[in-house]
$ cat my_file-v1.cif   # mmCIF, C-alpha atoms
data_input
loop_
_atom_site.group_PDB
_atom_site.id
_atom_site.type_symbol
_atom_site.label_atom_id
_atom_site.label_comp_id
_atom_site.auth_asym_id
_atom_site.auth_seq_id
_atom_site.Cartn_x
_atom_site.Cartn_y
_atom_site.Cartn_z
ATOM 1 C CA MET A 1 128.666 81.832 23.021
ATOM 2 C CA ASN A 2 132.179 80.975 21.825
ATOM 3 C CA ILE A 3 135.428 82.080 23.426
ATOM 4 C CA HIS A 4 135.812 85.100 21.130
ATOM 5 C CA GLU A 5 132.308 86.328 21.882
ATOM 6 C CA GLU A 6 132.925 85.880 25.589
ATOM 7 C CA ARG A 7 136.110 87.916 25.335
ATOM 8 C CA LEU A 8 134.262 90.667 23.474
ATOM 9 C CA GLU A 9 131.534 90.624 26.145
ATOM 10 C CA GLY A 10 134.165 90.981 28.839
ATOM 11 C CA ARG A 11 135.883 93.835 27.038
ATOM 12 C CA LEU A 12 132.551 95.648 26.547
ATOM 13 C CA ARG A 13 131.677 95.270 30.226
ATOM 14 C CA GLY A 14 135.099 96.595 31.145
ATOM 15 C CA LEU A 15 134.719 99.465 28.678
ATOM 16 C CA PHE A 16 131.538 100.901 30.126
ATOM 17 C CA GLY A 17 131.424 99.825 33.732
ATOM 18 C CA PRO A 18 129.078 101.461 36.210
ATOM 19 C CA LEU A 19 128.334 105.112 35.591
ATOM 20 C CA ASP A 20 127.238 107.355 38.429
ATOM 21 C CA ALA A 21 127.180 111.002 39.341
ATOM 22 C CA ARG A 22 129.897 112.813 41.234
ATOM 23 C CA ALA A 23 129.468 112.978 45.006
ATOM 24 C CA GLY A 24 126.820 115.393 46.199
ATOM 25 C CA PHE A 25 124.563 115.036 43.155
ATOM 26 C CA GLU A 26 121.408 114.489 45.195
ATOM 27 C CA GLU A 27 122.226 117.410 47.485
ATOM 28 C CA ARG A 28 122.688 119.654 44.434
ATOM 29 C CA VAL A 29 119.348 118.552 42.980
ATOM 30 C CA MET A 30 117.568 119.119 46.309
ATOM 31 C CA ALA A 31 119.184 122.566 46.681
ATOM 32 C CA ARG A 32 117.976 123.559 43.179
ATOM 33 C CA VAL A 33 114.502 122.296 43.898
ATOM 34 C CA ALA A 34 114.399 124.158 47.226
ATOM 35 C CA SER A 35 115.488 127.359 45.474
ATOM 36 C CA LEU A 36 112.776 126.896 42.830
ATOM 37 C CA ALA A 37 110.179 126.250 45.537
ATOM 38 C CA ALA A 38 111.195 129.507 47.264
ATOM 39 C CA GLN A 39 110.939 131.411 43.940
ATOM 40 C CA ARG A 40 107.539 129.872 43.343
ATOM 41 C CA GLY A 41 106.400 131.062 46.793
ATOM 42 C CA ALA A 42 107.596 134.601 46.030
ATOM 43 C CA VAL A 43 105.779 134.604 42.685
ATOM 44 C CA ARG A 44 102.606 133.392 44.391
ATOM 45 C CA THR A 45 102.819 136.264 46.915
ATOM 46 C CA ASP A 46 103.355 138.753 44.079
ATOM 47 C CA LEU A 47 100.376 137.375 42.160
ATOM 48 C CA GLY A 48 98.252 137.693 45.308
ATOM 49 C CA ALA A 49 99.216 141.374 45.638
ATOM 50 C CA GLN A 50 98.450 141.970 41.941
ATOM 51 C CA PHE A 51 95.048 140.345 42.377
ATOM 52 C CA GLU A 52 94.244 142.593 45.351
ATOM 53 C CA ARG A 53 95.314 145.717 43.407
ATOM 54 C CA ARG A 54 93.118 144.755 40.447
ATOM 55 C CA ARG A 55 90.173 143.985 42.679
ATOM 56 C CA GLU A 56 90.443 147.429 44.319
ATOM 57 C CA LEU A 57 90.653 149.143 40.893
ATOM 58 C CA THR A 58 87.581 147.238 39.690
ATOM 59 C CA ARG A 59 85.659 148.152 42.830
ATOM 60 C CA ARG A 60 86.449 151.853 42.282
ATOM 61 C CA ARG A 61 85.472 151.658 38.589
ATOM 62 C CA LEU A 62 82.128 150.065 39.420
ATOM 63 C CA LEU A 63 81.453 152.737 42.044
ATOM 64 C CA ARG A 64 82.237 155.483 39.484
ATOM 65 C CA GLU A 65 79.910 153.840 36.979
ATOM 66 C CA ALA A 66 77.120 153.569 39.539
ATOM 67 C CA TRP A 67 77.390 157.318 40.331
ATOM 68 C CA SER A 68 77.539 158.197 36.653
ATOM 69 C CA ASN A 69 74.486 156.078 35.894
ATOM 70 C CA GLY A 70 72.535 157.532 38.801
ATOM 71 C CA ILE A 71 73.322 161.127 37.808
ATOM 72 C CA THR A 72 72.420 160.455 34.153
ATOM 73 C CA ILE A 73 69.106 158.816 35.052
ATOM 74 C CA ALA A 74 68.260 161.625 37.474
ATOM 75 C CA GLY A 75 69.134 164.195 34.782
ATOM 76 C CA ILE A 76 66.968 162.494 32.203
ATOM 77 C CA GLY A 77 64.145 162.260 34.750
ATOM 78 C CA VAL A 78 64.372 165.973 35.563
ATOM 79 C CA ALA A 79 64.496 166.854 31.850
ATOM 80 C CA ALA A 80 61.502 164.628 31.107
ATOM 81 C CA GLY A 81 59.582 166.183 34.024
ATOM 82 C CA ALA A 82 60.379 169.696 32.821
ATOM 83 C CA LEU A 83 59.277 168.825 29.308
ATOM 84 C CA ALA A 84 56.054 167.251 30.590
ATOM 85 C CA TRP A 85 55.405 170.377 32.713
ATOM 86 C CA HIS A 86 56.113 172.637 29.746
ATOM 87 C CA TYR A 87 53.943 170.692 27.288
ATOM 88 C CA ALA A 88 51.252 169.661 29.778
ATOM 89 C CA ASP A 89 48.424 171.000 27.590
ATOM 90 C CA LEU A 90 49.658 169.172 24.508
ATOM 91 C CA ILE A 91 50.134 165.917 26.453
ATOM 92 C CA GLY A 92 46.632 166.337 27.892
ATOM 93 C CA ARG A 93 45.177 166.654 24.406
ATOM 94 C CA TRP A 94 47.129 163.806 22.848
ATOM 95 C CA LEU A 95 47.297 161.247 25.633
ATOM 96 C CA VAL A 96 45.116 161.876 28.690
ATOM 97 C CA GLU A 97 41.919 162.880 26.848
ATOM 98 C CA PRO A 98 41.811 159.829 24.532
ATOM 99 C CA VAL A 99 42.395 157.585 27.557
ATOM 100 C CA ALA A 100 39.797 159.366 29.646
ATOM 101 C CA SER A 101 37.258 159.267 26.826
ATOM 102 C CA GLY A 102 37.895 155.530 26.339
ATOM 103 C CA ARG A 103 39.353 155.775 22.813
ATOM 104 C CA VAL A 104 42.681 154.274 23.977
ATOM 105 C CA ASP A 105 43.055 151.320 26.378
ATOM 106 C CA PRO A 106 44.575 152.708 29.653
ATOM 107 C CA LEU A 107 46.543 149.501 30.290
ATOM 108 C CA LEU A 108 48.096 149.662 26.829
ATOM 109 C CA ALA A 109 49.047 153.319 27.333
ATOM 110 C CA ALA A 110 50.629 152.531 30.730
ATOM 111 C CA GLY A 111 52.515 149.540 29.260
ATOM 112 C CA VAL A 112 53.951 151.575 26.387
ATOM 113 C CA SER A 113 55.037 154.346 28.759
ATOM 114 C CA LEU A 114 56.735 151.947 31.169
ATOM 115 C CA THR A 115 58.527 150.138 28.308
ATOM 116 C CA ALA A 116 59.827 153.464 26.983
ATOM 117 C CA VAL A 117 61.125 154.453 30.450
ATOM 118 C CA ALA A 118 62.737 151.011 30.931
ATOM 119 C CA ALA A 119 64.443 151.230 27.510
ATOM 120 C CA VAL A 120 65.918 154.624 28.389
ATOM 121 C CA VAL A 121 67.183 153.334 31.767
ATOM 122 C CA VAL A 122 68.803 150.256 30.159
ATOM 123 C CA MET A 123 70.509 152.380 27.498
ATOM 124 C CA VAL A 124 71.816 154.775 30.132
ATOM 125 C CA ILE A 125 73.217 151.948 32.299
ATOM 126 C CA TRP A 126 75.023 150.208 29.423
ATOM 127 C CA ARG A 127 76.485 153.227 27.654
ATOM 128 C CA PRO A 128 78.675 154.831 30.377
ATOM 129 C CA SER A 129 80.006 151.489 31.645
ATOM 130 C CA ARG A 130 81.397 150.772 28.170
ATOM 131 C CA LEU A 131 82.837 154.250 27.776
ATOM 132 C CA LEU A 132 84.658 154.084 31.121
ATOM 133 C CA ARG A 133 86.479 150.789 30.454
ATOM 134 C CA MET B 1 108.993 97.364 41.239
ATOM 135 C CA ALA B 2 108.226 97.838 44.937
ATOM 136 C CA ALA B 3 110.152 101.133 45.143
ATOM 137 C CA ASP B 4 108.133 102.499 42.227
ATOM 138 C CA ASP B 5 104.868 101.428 43.851
ATOM 139 C CA ALA B 6 105.795 103.243 47.044
ATOM 140 C CA ILE B 7 106.684 106.394 45.081
ATOM 141 C CA VAL B 8 103.407 106.263 43.128
ATOM 142 C CA GLN B 9 101.435 105.797 46.347
ATOM 143 C CA LEU B 10 103.086 108.891 47.822
ATOM 144 C CA ILE B 11 102.249 110.915 44.697
ATOM 145 C CA GLN B 12 98.637 109.774 44.791
ATOM 146 C CA ALA B 13 98.469 110.717 48.464
ATOM 147 C CA GLY B 14 99.533 114.251 47.481
ATOM 148 C CA ARG B 15 102.986 113.887 49.050
ATOM 149 C CA ALA B 16 104.944 114.769 45.914
ATOM 150 C CA GLN B 17 107.954 116.165 47.776
ATOM 151 C CA GLN B 18 108.454 112.925 49.715
ATOM 152 C CA ALA B 19 107.948 110.964 46.521
ATOM 153 C CA PHE B 20 110.619 113.080 44.843
ATOM 154 C CA GLU B 21 113.080 112.508 47.685
ATOM 155 C CA ARG B 22 112.730 108.750 47.095
ATOM 156 C CA LEU B 23 112.730 109.037 43.331
ATOM 157 C CA VAL B 24 116.095 110.794 42.995
ATOM 158 C CA PRO B 25 118.265 108.040 44.542
ATOM 159 C CA ALA B 26 116.163 105.311 42.911
ATOM 160 C CA TYR B 27 116.560 106.714 39.379
ATOM 161 C CA ARG B 28 119.830 108.667 39.592
ATOM 162 C CA ARG B 29 122.016 106.064 37.863
ATOM 163 C CA ARG B 30 119.453 105.147 35.224
ATOM 164 C CA VAL B 31 118.746 108.773 34.303
ATOM 165 C CA ILE B 32 122.466 109.568 34.081
ATOM 166 C CA GLY B 33 123.079 106.360 32.110
ATOM 167 C CA LEU B 34 120.325 107.121 29.621
ATOM 168 C CA ALA B 35 121.518 110.707 29.237
ATOM 169 C CA TYR B 36 125.084 109.476 28.742
ATOM 170 C CA SER B 37 124.015 106.940 26.098
ATOM 171 C CA VAL B 38 122.649 109.836 24.013
ATOM 172 C CA LEU B 39 125.150 112.592 24.806
ATOM 173 C CA ARG B 40 128.377 110.527 25.173
ATOM 174 C CA ASP B 41 129.775 112.992 27.685
ATOM 175 C CA ARG B 42 129.786 112.247 31.417
ATOM 176 C CA ALA B 43 129.716 115.846 32.621
ATOM 177 C CA ALA B 44 126.964 116.773 30.162
ATOM 178 C CA ALA B 45 124.991 113.674 31.178
ATOM 179 C CA GLU B 46 125.187 114.676 34.837
ATOM 180 C CA ASP B 47 124.132 118.247 34.067
ATOM 181 C CA LEU B 48 121.248 116.948 32.009
ATOM 182 C CA ALA B 49 120.239 114.542 34.779
ATOM 183 C CA GLN B 50 119.922 117.539 37.112
ATOM 184 C CA GLU B 51 117.672 119.277 34.600
ATOM 185 C CA VAL B 52 115.596 116.117 34.231
ATOM 186 C CA PHE B 53 115.100 115.802 37.986
ATOM 187 C CA VAL B 54 114.020 119.436 38.191
ATOM 188 C CA LYS B 55 111.516 118.762 35.397
ATOM 189 C CA LEU B 56 110.312 115.677 37.244
ATOM 190 C CA TRP B 57 109.898 117.693 40.443
ATOM 191 C CA ARG B 58 107.726 120.182 38.550
ATOM 192 C CA ALA B 59 105.698 117.482 36.793
ATOM 193 C CA LEU B 60 105.379 114.974 39.647
ATOM 194 C CA PRO B 61 102.124 116.361 41.129
ATOM 195 C CA ARG B 62 100.540 115.916 37.668
ATOM 196 C CA TYR B 63 101.665 112.283 37.239
ATOM 197 C CA ASP B 64 98.404 110.368 36.799
ATOM 198 C CA GLY B 65 99.714 106.801 36.886
ATOM 199 C CA ARG B 66 98.484 105.906 33.391
ATOM 200 C CA ALA B 67 102.030 105.076 32.249
ATOM 201 C CA ARG B 68 104.475 103.188 34.451
ATOM 202 C CA LEU B 69 106.619 105.534 36.523
ATOM 203 C CA SER B 70 109.826 104.272 34.897
ATOM 204 C CA THR B 71 108.376 104.644 31.372
ATOM 205 C CA TRP B 72 107.339 108.212 32.180
ATOM 206 C CA ILE B 73 110.772 109.099 33.605
ATOM 207 C CA TYR B 74 112.642 107.502 30.688
ATOM 208 C CA ALA B 75 110.479 109.374 28.159
ATOM 209 C CA ILE B 76 111.221 112.709 29.867
ATOM 210 C CA THR B 77 114.937 111.865 30.007
ATOM 211 C CA ARG B 78 115.102 110.765 26.355
ATOM 212 C CA ASN B 79 113.323 113.905 25.153
ATOM 213 C CA ALA B 80 115.575 116.141 27.243
ATOM 214 C CA ALA B 81 118.714 114.339 26.017
ATOM 215 C CA ILE B 82 117.692 114.531 22.355
ATOM 216 C CA SER B 83 116.847 118.200 22.787
ATOM 217 C CA ALA B 84 120.231 118.837 24.457
ATOM 218 C CA LEU B 85 122.002 116.962 21.677
ATOM 219 C CA ARG B 86 120.296 119.142 19.040
ATOM 220 C CA THR B 87 121.351 122.280 20.911
ATOM 221 C CA ARG B 88 124.949 121.061 21.103
ATOM 222 C CA ARG B 89 125.021 120.272 17.386
ATOM 223 C CA ARG B 90 124.145 123.841 16.393
ATOM 224 C CA PRO B 91 126.990 125.390 14.382
ATOM 225 C CA VAL B 92 129.216 127.688 16.423
ATOM 226 C CA SER B 93 131.802 130.190 15.343
ATOM 227 C CA LEU B 94 135.399 129.932 16.549
ATOM 228 C CA SER B 95 135.669 133.694 16.154
ATOM 229 C CA ASP B 96 133.445 133.906 19.237
ATOM 230 C CA PRO B 97 135.912 134.327 22.170
ATOM 231 C CA ALA B 98 133.686 132.329 24.543
ATOM 232 C CA VAL B 99 133.547 129.355 22.137
ATOM 233 C CA LEU B 100 137.286 129.529 21.511
ATOM 234 C CA ALA B 101 137.979 129.562 25.246
ATOM 235 C CA GLU B 102 135.768 126.493 25.701
ATOM 236 C CA VAL B 103 137.560 124.606 22.916
ATOM 237 C CA GLU B 104 140.968 125.437 24.407
ATOM 238 C CA ASN B 105 139.778 124.388 27.839
ATOM 239 C CA ARG B 106 138.558 121.034 26.493
ATOM 240 C CA GLU B 107 141.813 120.440 24.706
ATOM 241 C CA ALA B 108 143.740 121.225 27.868
ATOM 242 C CA ALA B 109 141.659 118.839 29.987
ATOM 243 C CA PRO B 110 140.195 116.058 27.833
ATOM 244 C CA ASP B 111 137.367 113.842 29.095
ATOM 245 C CA PRO B 112 139.021 110.830 30.750
ATOM 246 C CA GLY B 113 138.275 108.105 28.207
ATOM 247 C CA PRO B 114 138.034 104.379 28.825
ATOM 248 C CA GLY B 115 141.091 102.184 28.828
ATOM 249 C CA ASP B 116 140.239 100.049 25.769
ATOM 250 C CA ALA B 117 140.776 102.801 23.184
ATOM 251 C CA ALA B 118 140.505 100.569 20.080
ATOM 252 C CA LEU B 119 137.185 99.082 21.193
ATOM 253 C CA TRP B 120 135.970 102.531 22.233
ATOM 254 C CA ARG B 121 136.623 103.878 18.732
ATOM 255 C CA GLN B 122 134.659 100.990 17.202
ATOM 256 C CA VAL B 123 131.734 101.519 19.560
ATOM 257 C CA GLU B 124 131.747 105.213 18.695
ATOM 258 C CA ALA B 125 131.565 104.293 15.010
ATOM 259 C CA LEU B 126 128.399 102.182 15.466
ATOM 260 C CA PRO B 127 125.022 103.500 14.243
ATOM 261 C CA GLU B 128 123.336 105.619 16.914
ATOM 262 C CA LYS B 129 120.709 103.119 18.124
ATOM 263 C CA GLN B 130 123.196 100.237 18.245
ATOM 264 C CA ARG B 131 125.682 102.345 20.181
ATOM 265 C CA GLN B 132 122.975 103.451 22.570
ATOM 266 C CA ALA B 133 121.803 99.858 23.126
ATOM 267 C CA VAL B 134 125.382 98.664 23.744
ATOM 268 C CA THR B 135 126.085 101.529 26.132
ATOM 269 C CA LEU B 136 122.952 100.934 28.188
ATOM 270 C CA TYR B 137 123.290 97.143 28.194
ATOM 271 C CA TYR B 138 126.904 96.923 29.343
ATOM 272 C CA GLN B 139 126.740 99.887 31.669
ATOM 273 C CA ASP B 140 125.579 98.663 35.080
ATOM 274 C CA GLU B 141 124.915 95.201 33.496
ATOM 275 C CA ARG B 142 121.298 95.891 32.652
ATOM 276 C CA THR B 143 118.834 93.381 31.248
ATOM 277 C CA VAL B 144 117.548 93.633 27.685
ATOM 278 C CA ASP B 145 114.065 94.346 29.065
ATOM 279 C CA GLU B 146 115.382 97.279 31.052
ATOM 280 C CA VAL B 147 117.320 98.636 28.076
ATOM 281 C CA ALA B 148 114.161 98.328 25.948
ATOM 282 C CA ALA B 149 112.178 100.300 28.537
ATOM 283 C CA MET B 150 114.879 102.970 28.699
ATOM 284 C CA MET B 151 115.094 103.314 24.923
ATOM 285 C CA GLY B 152 111.311 103.137 24.490
ATOM 286 C CA MET B 153 111.607 100.233 22.046
ATOM 287 C CA PRO B 154 110.323 96.646 21.819
ATOM 288 C CA VAL B 155 112.603 94.051 23.435
ATOM 289 C CA ASN B 156 113.198 92.252 20.137
ATOM 290 C CA THR B 157 114.329 95.456 18.448
ATOM 291 C CA VAL B 158 116.880 95.989 21.207
ATOM 292 C CA LYS B 159 118.063 92.370 20.854
ATOM 293 C CA THR B 160 118.539 92.966 17.123
ATOM 294 C CA HIS B 161 120.493 96.177 17.780
ATOM 295 C CA LEU B 162 122.715 94.368 20.287
ATOM 296 C CA HIS B 163 123.278 91.398 17.973
ATOM 297 C CA ARG B 164 124.225 93.637 15.035
ATOM 298 C CA ALA B 165 126.431 95.798 17.237
ATOM 299 C CA ARG B 166 128.352 92.772 18.562
ATOM 300 C CA ALA B 167 128.766 91.391 15.038
ATOM 301 C CA SER B 168 130.026 94.767 13.753
ATOM 302 C CA LEU B 169 132.437 95.122 16.664
ATOM 303 C CA ALA B 170 133.789 91.588 16.257
ATOM 304 C CA ALA B 171 134.284 92.148 12.521
ATOM 305 C CA ALA B 172 135.946 95.519 13.024
ATOM 306 C CA LEU B 173 138.294 94.169 15.701
ATOM 307 C CA ALA B 174 139.135 91.134 13.562
ATOM 308 C CA ALA B 175 139.912 93.429 10.647
ATOM 309 C CA ALA B 176 142.213 95.397 12.907
ATOM 310 C CA GLY B 177 143.858 92.085 13.878
ATOM 311 C CA GLU B 178 142.996 92.585 17.530
ATOM 312 C CA GLU B 179 140.428 90.177 18.857
ATOM 313 C CA PHE B 180 140.303 87.398 16.291
ATOM 314 C CA PRO B 181 143.680 86.856 14.651
#

$ encode --input "my_file-v1.cif" --output "structure tokens"
Amino acid sequence: MNIHEERLEGRLRGLFGPLDARAGFEERVMARVASLAAQRGAVRTDLGAQFERRRELTRRRLLREAWSNGITIAGIGVAAGALAWHYADLIGRWLVEPVASGRVDPLLAAGVSLTAVAAVVVMVIWRPSRLLR
Amino acid sequence: MAADDAIVQLIQAGRAQQAFERLVPAYRRRVIGLAYSVLRDRAAAEDLAQEVFVKLWRALPRYDGRARLSTWIYAITRNAAISALRTRRRPVSLSDPAVLAEVENREAAPDPGPGDAALWRQVEALPEKQRQAVTLYYQDERTVDEVAAMMGMPVNTVKTHLHRARASLAAALAAAGEEFP
């Protein structure tokens, strides 16, 4: 490095020098961070309250759905019973007699009946829960 | 660096707040220096440094140690400074009373500039990367390796920037009849 380069180096070092923050920089940063931490705590509390409110609303909705499903299934059961009572002769001719006489397998007849009942129950449970949402 | 290792150990132990309390004094000057090298305004650099430390406080629990702590901090600072610079460069209207008031305020109280005004003007006229390298290198007498880490560049690239900057400055000062008569 020649004398001119050394002089330029010296001038550049003098030009920039050490750069630092004004006094109290760290305290200001810590104060901001503390304020943000407090805000974060408040938000967390608020989110907790929101979660509790939603959970209570969901619990009530599920209870409503359970009642609705129960009433619908009971209604369908009563209606089916009334129909069976009303058309007992016809059912006897079409279903019971062939089974009793051995023309239809009793297990098959019972299986078909149970499947039909199960299908109705499943449809009833799914439908009102979707309508209530 | 031993200080960095201690900070990383605290983070990994889940003591991010303690790590942050050590990180701020350890990196204060370097973060401000890097911000200043991009923004060229001391007050803005200090404001930005505050923002950077708040970002670091938020991100510290997620630091996974894959990058070196200093590399990670410099990258966050560089991105924040470049983003702040873009925001400042947006066109503003002097018909806006708030902008006009700010301009008048700046004119009334200019940023205290360095003593060597002629050299300062020449440094300001350098290409951005050269000016940034010169600023970081001569400020706090940093090593080329440290400047390279701060700028996120290879050491040889920084050496080239510094060499070209010095040559440009010497030529400009000689032309002005100042340094090399």

$ residues_around --input "my_file-v1.cif" --residues "B:Gln17" --least-positions-apart "5" --cutoff "10 Å" --atoms "all atoms listed in the file" --output "PDB file with C-alpha atoms, in the coordinates of the input"
ATOM      1  CA  VAL A  33     114.502 122.296  43.898  1.00  0.00           C
TER       2      VAL A  33
ATOM      3  CA  LEU B  10     103.086 108.891  47.822  1.00  0.00           C
ATOM      4  CA  ILE B  11     102.249 110.915  44.697  1.00  0.00           C
ATOM      5  CA  ARG B  22     112.730 108.750  47.095  1.00  0.00           C
ATOM      6  CA  LEU B  23     112.730 109.037  43.331  1.00  0.00           C
ATOM      7  CA  TRP B  57     109.898 117.693  40.443  1.00  0.00           C
ATOM      8  CA  LEU B  60     105.379 114.974  39.647  1.00  0.00           C
ATOM      9  CA  PRO B  61     102.124 116.361  41.129  1.00  0.00           C
TER      10      PRO B  61
END

$ resolve_selection --input "my_file-v1.cif" --expression "the PyMOL selection byres ((chain A and resi 19) around 7)" --output "VMD selection string"
(chain A and resid 17 to 18 20) or (chain B and resid 29 33 139)

$ atom_distance --input "my_file-v1.cif" --atom1 "atom CA of B:Leu56" --atom2 "atom CA of B:Gln132"
22.9 Å

$ interface_residues --input "my_file-v1.cif" --of "chain B" --to "chain A" --cutoff "9 Å" --atoms "only C-alpha atoms" --output "number ranges by chain"
B: 21, 24-25, 28-30, 32-33, 36, 42-43, 45-46, 50-51, 53-54, 57-58, 114-117, 119-120, 134-141, 166, 169-170, 179-180

$ write_last_selection --input "my_file-v1.cif" --atoms "C-alpha atoms" --output "JSON list (two decimals), keeping the file's coordinate frame"
[["chain", "number", "residue", "atom", "x", "y", "z"],
["B", 21, "GLU", "CA", 113.08, 112.51, 47.68],
["B", 24, "VAL", "CA", 116.10, 110.79, 43.00],
["B", 25, "PRO", "CA", 118.26, 108.04, 44.54],
["B", 28, "ARG", "CA", 119.83, 108.67, 39.59],
["B", 29, "ARG", "CA", 122.02, 106.06, 37.86],
["B", 30, "ARG", "CA", 119.45, 105.15, 35.22],
["B", 32, "ILE", "CA", 122.47, 109.57, 34.08],
["B", 33, "GLY", "CA", 123.08, 106.36, 32.11],
["B", 36, "TYR", "CA", 125.08, 109.48, 28.74],
["B", 42, "ARG", "CA", 129.79, 112.25, 31.42],
["B", 43, "ALA", "CA", 129.72, 115.85, 32.62],
["B", 45, "ALA", "CA", 124.99, 113.67, 31.18],
["B", 46, "GLU", "CA", 125.19, 114.68, 34.84],
["B", 50, "GLN", "CA", 119.92, 117.54, 37.11],
["B", 51, "GLU", "CA", 117.67, 119.28, 34.60],
["B", 53, "PHE", "CA", 115.10, 115.80, 37.99],
["B", 54, "VAL", "CA", 114.02, 119.44, 38.19],
["B", 57, "TRP", "CA", 109.90, 117.69, 40.44],
["B", 58, "ARG", "CA", 107.73, 120.18, 38.55],
["B", 114, "PRO", "CA", 138.03, 104.38, 28.82],
["B", 115, "GLY", "CA", 141.09, 102.18, 28.83],
["B", 116, "ASP", "CA", 140.24, 100.05, 25.77],
["B", 117, "ALA", "CA", 140.78, 102.80, 23.18],
["B", 119, "LEU", "CA", 137.18, 99.08, 21.19],
["B", 120, "TRP", "CA", 135.97, 102.53, 22.23],
["B", 134, "VAL", "CA", 125.38, 98.66, 23.74],
["B", 135, "THR", "CA", 126.08, 101.53, 26.13],
["B", 136, "LEU", "CA", 122.95, 100.93, 28.19],
["B", 137, "TYR", "CA", 123.29, 97.14, 28.19],
["B", 138, "TYR", "CA", 126.90, 96.92, 29.34],
["B", 139, "GLN", "CA", 126.74, 99.89, 31.67],
["B", 140, "ASP", "CA", 125.58, 98.66, 35.08],
["B", 141, "GLU", "CA", 124.92, 95.20, 33.50],
["B", 166, "ARG", "CA", 128.35, 92.77, 18.56],
["B", 169, "LEU", "CA", 132.44, 95.12, 16.66],
["B", 170, "ALA", "CA", 133.79, 91.59, 16.26],
["B", 179, "GLU", "CA", 140.43, 90.18, 18.86],
["B", 180, "PHE", "CA", 140.30, 87.40, 16.29]]

$ closest_residue --input "my_file-v1.cif" --among "B:Arg15, B:Glu146, B:Gln122, B:Ala172" --to "B:Tyr74" --atoms "all atoms listed in the file"
B:Glu146

$ closest_residue --input "my_file-v1.cif" --among "B:Tyr63, B:Arg86, B:Ile73, B:Pro154" --to "B:Ala16" --atoms "all atoms listed in the file"
B:Tyr63

$ residues_around --input "my_file-v1.cif" --residues "stretch 105-120 of chain A" --least-positions-apart "2" --cutoff "12 Å" --atoms "all atoms listed in the file" --output "list of chain:residue names"
A:Asn69, A:Thr72, A:Ile73, A:Ala74, A:Gly75, A:Ile76, A:Gly77, A:Ala80, A:Trp94, A:Leu95, A:Val96, A:Glu97, A:Pro98, A:Val99, A:Ala100, A:Ser101, A:Gly102, A:Arg103, A:Val122, A:Met123, A:Val124, A:Ile125, A:Trp126, A:Arg127

$ atom_distance --input "my_file-v1.cif" --atom1 "atom CA of B:Arg142" --atom2 "atom CA of B:Leu162"
12.5 Å

$ residues_around --input "my_file-v1.cif" --residues "B:Leu48" --least-positions-apart "5" --cutoff "8 Å" --atoms "all atoms listed in the file" --output "ChimeraX atom specification"
/B:32,35,80-81,84

$ write_last_selection --input "my_file-v1.cif" --atoms "C-alpha atoms" --output "CSV table (one decimal), in the coordinates of the input"
chain,number,residue,atom,x,y,z
B,32,ILE,CA,122.5,109.6,34.1
B,35,ALA,CA,121.5,110.7,29.2
B,80,ALA,CA,115.6,116.1,27.2
B,81,ALA,CA,118.7,114.3,26.0
B,84,ALA,CA,120.2,118.8,24.5

$ atom_distance --input "my_file-v1.cif" --atom1 "atom CA of B:Arg131" --atom2 "atom CA of B:Val38"
8.9 Å

$ residues_around --input "my_file-v1.cif" --residues "B:Gly14" --least-positions-apart "5" --cutoff "12 Å" --atoms "all atoms listed in the file" --output "PyMOL selection string"
chain B and resi 7-9+19-20+60-64

$ build_atoms --input "my_file-v1.cif" --residues "stretch 156-165 of chain B" --atoms "N, CA and C atoms" --output "compact mmCIF listing (two decimals), in the coordinates of the input"
# COMPACT_ATOMS: atom_id res chain seq x y z
N ASN B 156 112.56 92.91 21.29
CA ASN B 156 113.20 92.25 20.14
C ASN B 156 114.02 93.21 19.28
N THR B 157 113.57 94.45 19.20
CA THR B 157 114.33 95.46 18.45
C THR B 157 115.67 95.70 19.13
N VAL B 158 115.63 95.77 20.46
CA VAL B 158 116.88 95.99 21.21
C VAL B 158 117.81 94.79 21.02
N LYS B 159 117.24 93.57 21.06
CA LYS B 159 118.06 92.37 20.85
C LYS B 159 118.74 92.42 19.48
N THR B 160 117.98 92.86 18.48
CA THR B 160 118.54 92.97 17.12
C THR B 160 119.67 93.99 17.09
N HIS B 161 119.45 95.14 17.74
CA HIS B 161 120.49 96.18 17.78
C HIS B 161 121.76 95.62 18.45
N LEU B 162 121.56 94.91 19.56
CA LEU B 162 122.72 94.37 20.29
C LEU B 162 123.45 93.32 19.45
N HIS B 163 122.68 92.46 18.80
CA HIS B 163 123.28 91.40 17.97
C HIS B 163 124.11 92.02 16.84
N ARG B 164 123.51 92.98 16.15
CA ARG B 164 124.22 93.64 15.04
C ARG B 164 125.45 94.40 15.53
N ALA B 165 125.30 95.03 16.69
CA ALA B 165 126.43 95.80 17.24
C ALA B 165 127.59 94.86 17.56
